[in-house]
Amino acid sequence: MAARPHRIVVLALDGVPLFELGMPSRVFGQAFDAEGDPLYRVTLCSVDGAPVRSDESLTLAVEHGPEALETADTVLIPPTCDLGDLHVGGRLPPRLAAALARIRPGARLVSICTGSYVLAAAGVLDGRPATTHWMRSEEFRRAYPRVRLDEDVLFVDNGDVLTSAGTAAGVDLCLYLVRRDHGTAIANQVARRCVVPPWRDGGQAQFIERPVPEPMTASTAATRAWLLDRLAAQVSLEEMAAHARMSVRTFTRRFRDEVGSTPGRWLIAQRLERARDLLENSDLGIDLVAHRAGFGTANSLRQHMRSVLGTSPNAYRRTFRGAA
């Protein structure tokens, strides 16, 4: 007998953007097991069961009231353009506070963009790392000084509480949750169905100076594709620049402008991604995984996984083989 779908309840607040409101249903609704059964059930609710006003002044009928929160395995709070006093650290409105009080202990809490203000006002983020949209960072830090805000990342995973930056970072976080729950293969299937990239590291910078090259400007994209085909090789910065037909200085600057990271940090992230895929989807030994991913030795792979992911290759394999 198949396990029941993981229940995700989306708490819609007045001022919610339509894209972010529909995003969880779109992403999680594309996740199926090998028999074609849904892995998630997404429910929409409001604090009182009444219609919700979107940021475009559209009034949306809502399926459920706050009682739906009592059934949630994960509660997801999309952003709102109507923060009220929350933007200055004010208290939660009574109806919102009462709705949040219905969430059962152990439920996973997730916010997208300014949904983090709700979690912060509820005290859930006190003493924890979190993120929100980079344009709100100074305001958020003043309003909630107890939160360890990091506006330079796409999302933050605290285990039972996760926060993301704005819009597209919410898609990244939803895909990350699918991956955490069910492994890479299913997350990649969801990404293909949604026609989005399957993975952007949560530590990637939110603000990228020039994500699309200006017309007639040389790009590092071809060199990045070239590097992805050679992850097992040790390629120097000089060789990267030569492939891109740029000086090292120009290549490094343009790479950071386009990707939001240095070539070295980007390359480590891609090698970690390759290692994670091999750990999840092959029976290769750790030494061979390290070699094929470009880390050279198992010890180097362990150090990088411990530093970035907080786990070892063997522990990662056990966790995600279990999820898959």
# chains A, B, ... in the order shown; residues from 1 in each chain; ligands from 1
$ residues_around --residues "Arg292 of chain A" --least-positions-apart "2" --cutoff "12 Å" --atoms "only C-alpha atoms" --output "ChimeraX atom specification"
/A:228-234,270-279,282,284-290,294-298,301
$ residues_around --residues "segment 240-243 of chain A" --least-positions-apart "4" --cutoff "12 Å" --atoms "only C-alpha atoms" --output "ChimeraX atom specification"
/A:218-228,230,234-236,247-255,263-264,267
$ write_last_selection --atoms "C-alpha atoms" --output "PDB file, in the first residue's frame"
ATOM      1  CA  ALA A 218      31.657  37.846 -25.079  1.00  0.00           C
ATOM      2  CA  SER A 219      30.167  35.428 -22.551  1.00  0.00           C
ATOM      3  CA  THR A 220      31.627  32.722 -20.319  1.00  0.00           C
ATOM      4  CA  ALA A 221      28.703  30.376 -21.076  1.00  0.00           C
ATOM      5  CA  ALA A 222      30.620  28.275 -23.620  1.00  0.00           C
ATOM      6  CA  THR A 223      33.498  27.850 -21.193  1.00  0.00           C
ATOM      7  CA  ARG A 224      31.132  26.806 -18.421  1.00  0.00           C
ATOM      8  CA  ALA A 225      29.662  24.137 -20.703  1.00  0.00           C
ATOM      9  CA  TRP A 226      33.215  23.066 -21.616  1.00  0.00           C
ATOM     10  CA  LEU A 227      34.085  22.746 -17.921  1.00  0.00           C
ATOM     11  CA  LEU A 228      31.016  20.651 -17.184  1.00  0.00           C
ATOM     12  CA  ARG A 230      35.681  18.035 -17.900  1.00  0.00           C
ATOM     13  CA  GLN A 234      42.098  19.759 -13.161  1.00  0.00           C
ATOM     14  CA  VAL A 235      41.688  22.902 -15.246  1.00  0.00           C
ATOM     15  CA  SER A 236      43.539  26.036 -14.221  1.00  0.00           C
ATOM     16  CA  SER A 247      42.573  37.630 -20.136  1.00  0.00           C
ATOM     17  CA  VAL A 248      42.405  36.062 -16.680  1.00  0.00           C
ATOM     18  CA  ARG A 249      41.283  39.371 -15.203  1.00  0.00           C
ATOM     19  CA  THR A 250      38.509  39.913 -17.756  1.00  0.00           C
ATOM     20  CA  PHE A 251      37.360  36.296 -17.543  1.00  0.00           C
ATOM     21  CA  THR A 252      37.170  36.377 -13.743  1.00  0.00           C
ATOM     22  CA  ARG A 253      35.240  39.643 -13.718  1.00  0.00           C
ATOM     23  CA  ARG A 254      32.828  38.594 -16.447  1.00  0.00           C
ATOM     24  CA  PHE A 255      32.314  35.162 -14.855  1.00  0.00           C
ATOM     25  CA  PRO A 263      35.135  30.365 -11.257  1.00  0.00           C
ATOM     26  CA  GLY A 264      36.674  28.320  -8.447  1.00  0.00           C
ATOM     27  CA  LEU A 267      33.482  24.687 -10.184  1.00  0.00           C
TER      28      LEU A 267
END
$ closest_residue --among "A:Thr167, A:Thr43, A:Asn281, A:Ser111" --to "Ile186 of chain A" --atoms "only C-alpha atoms"
A:Asn281
$ select_by_dssp --residues "segment 15-217 of chain A" --states "strand (DSSP E)" --output "VMD selection string"
chain A and resid 40 to 45 52 to 53 59 to 60 74 to 77 108 to 112 129 to 130 148 to 149 155 to 157 161 to 164
$ residues_around --residues "segment 4-12 of chain A" --least-positions-apart "3" --cutoff "6 Å" --atoms "only C-alpha atoms" --output "list in words"
Leu39, Tyr40, Arg41, Val42, Thr43, Leu44, Cys45, Ser46, Ala72, Asp73, Thr74, Val75, Leu76 and Ile77 of chain A
$ write_last_selection --atoms "C-alpha atoms" --output "PDB file, in the first residue's frame"
ATOM      1  CA  LEU A  39       3.819  12.353  -3.723  1.00  0.00           C
ATOM      2  CA  TYR A  40       2.295  15.599  -2.452  1.00  0.00           C
ATOM      3  CA  ARG A  41      -1.147  17.025  -1.872  1.00  0.00           C
ATOM      4  CA  VAL A  42      -1.253  20.825  -1.952  1.00  0.00           C
ATOM      5  CA  THR A  43      -4.073  22.670  -0.201  1.00  0.00           C
ATOM      6  CA  LEU A  44      -4.733  26.402  -0.183  1.00  0.00           C
ATOM      7  CA  CYS A  45      -6.138  28.133   2.895  1.00  0.00           C
ATOM      8  CA  SER A  46      -6.558  31.594   4.394  1.00  0.00           C
ATOM      9  CA  ALA A  72      -0.216  19.938   7.306  1.00  0.00           C
ATOM     10  CA  ASP A  73       3.088  18.107   7.106  1.00  0.00           C
ATOM     11  CA  THR A  74       4.522  21.306   5.604  1.00  0.00           C
ATOM     12  CA  VAL A  75       3.113  24.821   5.922  1.00  0.00           C
ATOM     13  CA  LEU A  76       4.248  27.171   3.159  1.00  0.00           C
ATOM     14  CA  ILE A  77       3.818  30.941   3.476  1.00  0.00           C
TER      15      ILE A  77
END
$ closest_residue --among "A:Leu162, A:Ala97, A:Cys174, A:Leu125" --to "Gly22 of chain A" --atoms "only C-alpha atoms"
A:Cys174
$ atom_distance --atom1 "atom CA of Thr131 of chain A" --atom2 "atom CA of Ser307 of chain A"
19.7 Å
$ residues_around --residues "Arg102 of chain A" --least-positions-apart "3" --cutoff "10 Å" --atoms "only C-alpha atoms" --output "list in words"
Pro66, Glu67, Ala68, Leu69, Glu70, Thr71, Ala72, Ala97, Ala98, Ala99 and Pro105 of chain A
$ write_last_selection --atoms "N, CA and C atoms" --output "PDB file, in the first residue's frame"
ATOM      1  N   PRO A  66      -8.442  28.151   8.311  1.00  0.00           N
ATOM      2  CA  PRO A  66      -7.228  27.817   9.063  1.00  0.00           C
ATOM      3  C   PRO A  66      -7.206  26.397   9.607  1.00  0.00           C
ATOM      4  N   GLU A  67      -8.362  25.730   9.642  1.00  0.00           N
ATOM      5  CA  GLU A  67      -8.375  24.347  10.131  1.00  0.00           C
ATOM      6  C   GLU A  67      -7.499  23.433   9.285  1.00  0.00           C
ATOM      7  N   ALA A  68      -7.261  23.810   8.019  1.00  0.00           N
ATOM      8  CA  ALA A  68      -6.411  22.985   7.151  1.00  0.00           C
ATOM      9  C   ALA A  68      -4.986  22.907   7.678  1.00  0.00           C
ATOM     10  N   LEU A  69      -4.549  23.921   8.406  1.00  0.00           N
ATOM     11  CA  LEU A  69      -3.183  23.933   8.932  1.00  0.00           C
ATOM     12  C   LEU A  69      -2.944  22.803   9.921  1.00  0.00           C
ATOM     13  N   GLU A  70      -3.996  22.325  10.550  1.00  0.00           N
ATOM     14  CA  GLU A  70      -3.849  21.245  11.534  1.00  0.00           C
ATOM     15  C   GLU A  70      -3.459  19.926  10.872  1.00  0.00           C
ATOM     16  N   THR A  71      -3.698  19.797   9.577  1.00  0.00           N
ATOM     17  CA  THR A  71      -3.409  18.548   8.860  1.00  0.00           C
ATOM     18  C   THR A  71      -2.076  18.588   8.130  1.00  0.00           C
ATOM     19  N   ALA A  72      -1.385  19.730   8.170  1.00  0.00           N
ATOM     20  CA  ALA A  72      -0.216  19.938   7.306  1.00  0.00           C
ATOM     21  C   ALA A  72       1.020  19.204   7.799  1.00  0.00           C
ATOM     22  N   ALA A  97      -2.138  35.163  13.927  1.00  0.00           N
ATOM     23  CA  ALA A  97      -1.540  34.469  15.066  1.00  0.00           C
ATOM     24  C   ALA A  97      -2.367  33.245  15.448  1.00  0.00           C
ATOM     25  N   ALA A  98      -3.687  33.390  15.437  1.00  0.00           N
ATOM     26  CA  ALA A  98      -4.556  32.266  15.786  1.00  0.00           C
ATOM     27  C   ALA A  98      -4.440  31.144  14.753  1.00  0.00           C
ATOM     28  N   ALA A  99      -4.300  31.528  13.475  1.00  0.00           N
ATOM     29  CA  ALA A  99      -4.147  30.514  12.431  1.00  0.00           C
ATOM     30  C   ALA A  99      -2.837  29.749  12.603  1.00  0.00           C
ATOM     31  N   PRO A 105       2.790  20.474  16.145  1.00  0.00           N
ATOM     32  CA  PRO A 105       4.234  20.345  16.396  1.00  0.00           C
ATOM     33  C   PRO A 105       4.856  19.359  15.406  1.00  0.00           C
TER      34      PRO A 105
END
$ atom_distance --atom1 "atom CA of Thr184 of chain A" --atom2 "atom CA of Pro17 of chain A"
28.9 Å
$ residues_around --residues "Gly90 of chain A" --least-positions-apart "5" --cutoff "9 Å" --atoms "only C-alpha atoms" --output "ChimeraX atom specification"
/A:84-85,121,143
$ residues_around --residues "Leu149 of chain A" --least-positions-apart "4" --cutoff "7 Å" --atoms "only C-alpha atoms" --output "number ranges by chain"
A: 129-131, 141
$ atom_distance --atom1 "atom CA of Thr114 of chain A" --atom2 "atom CA of Val27 of chain A"
19.6 Å
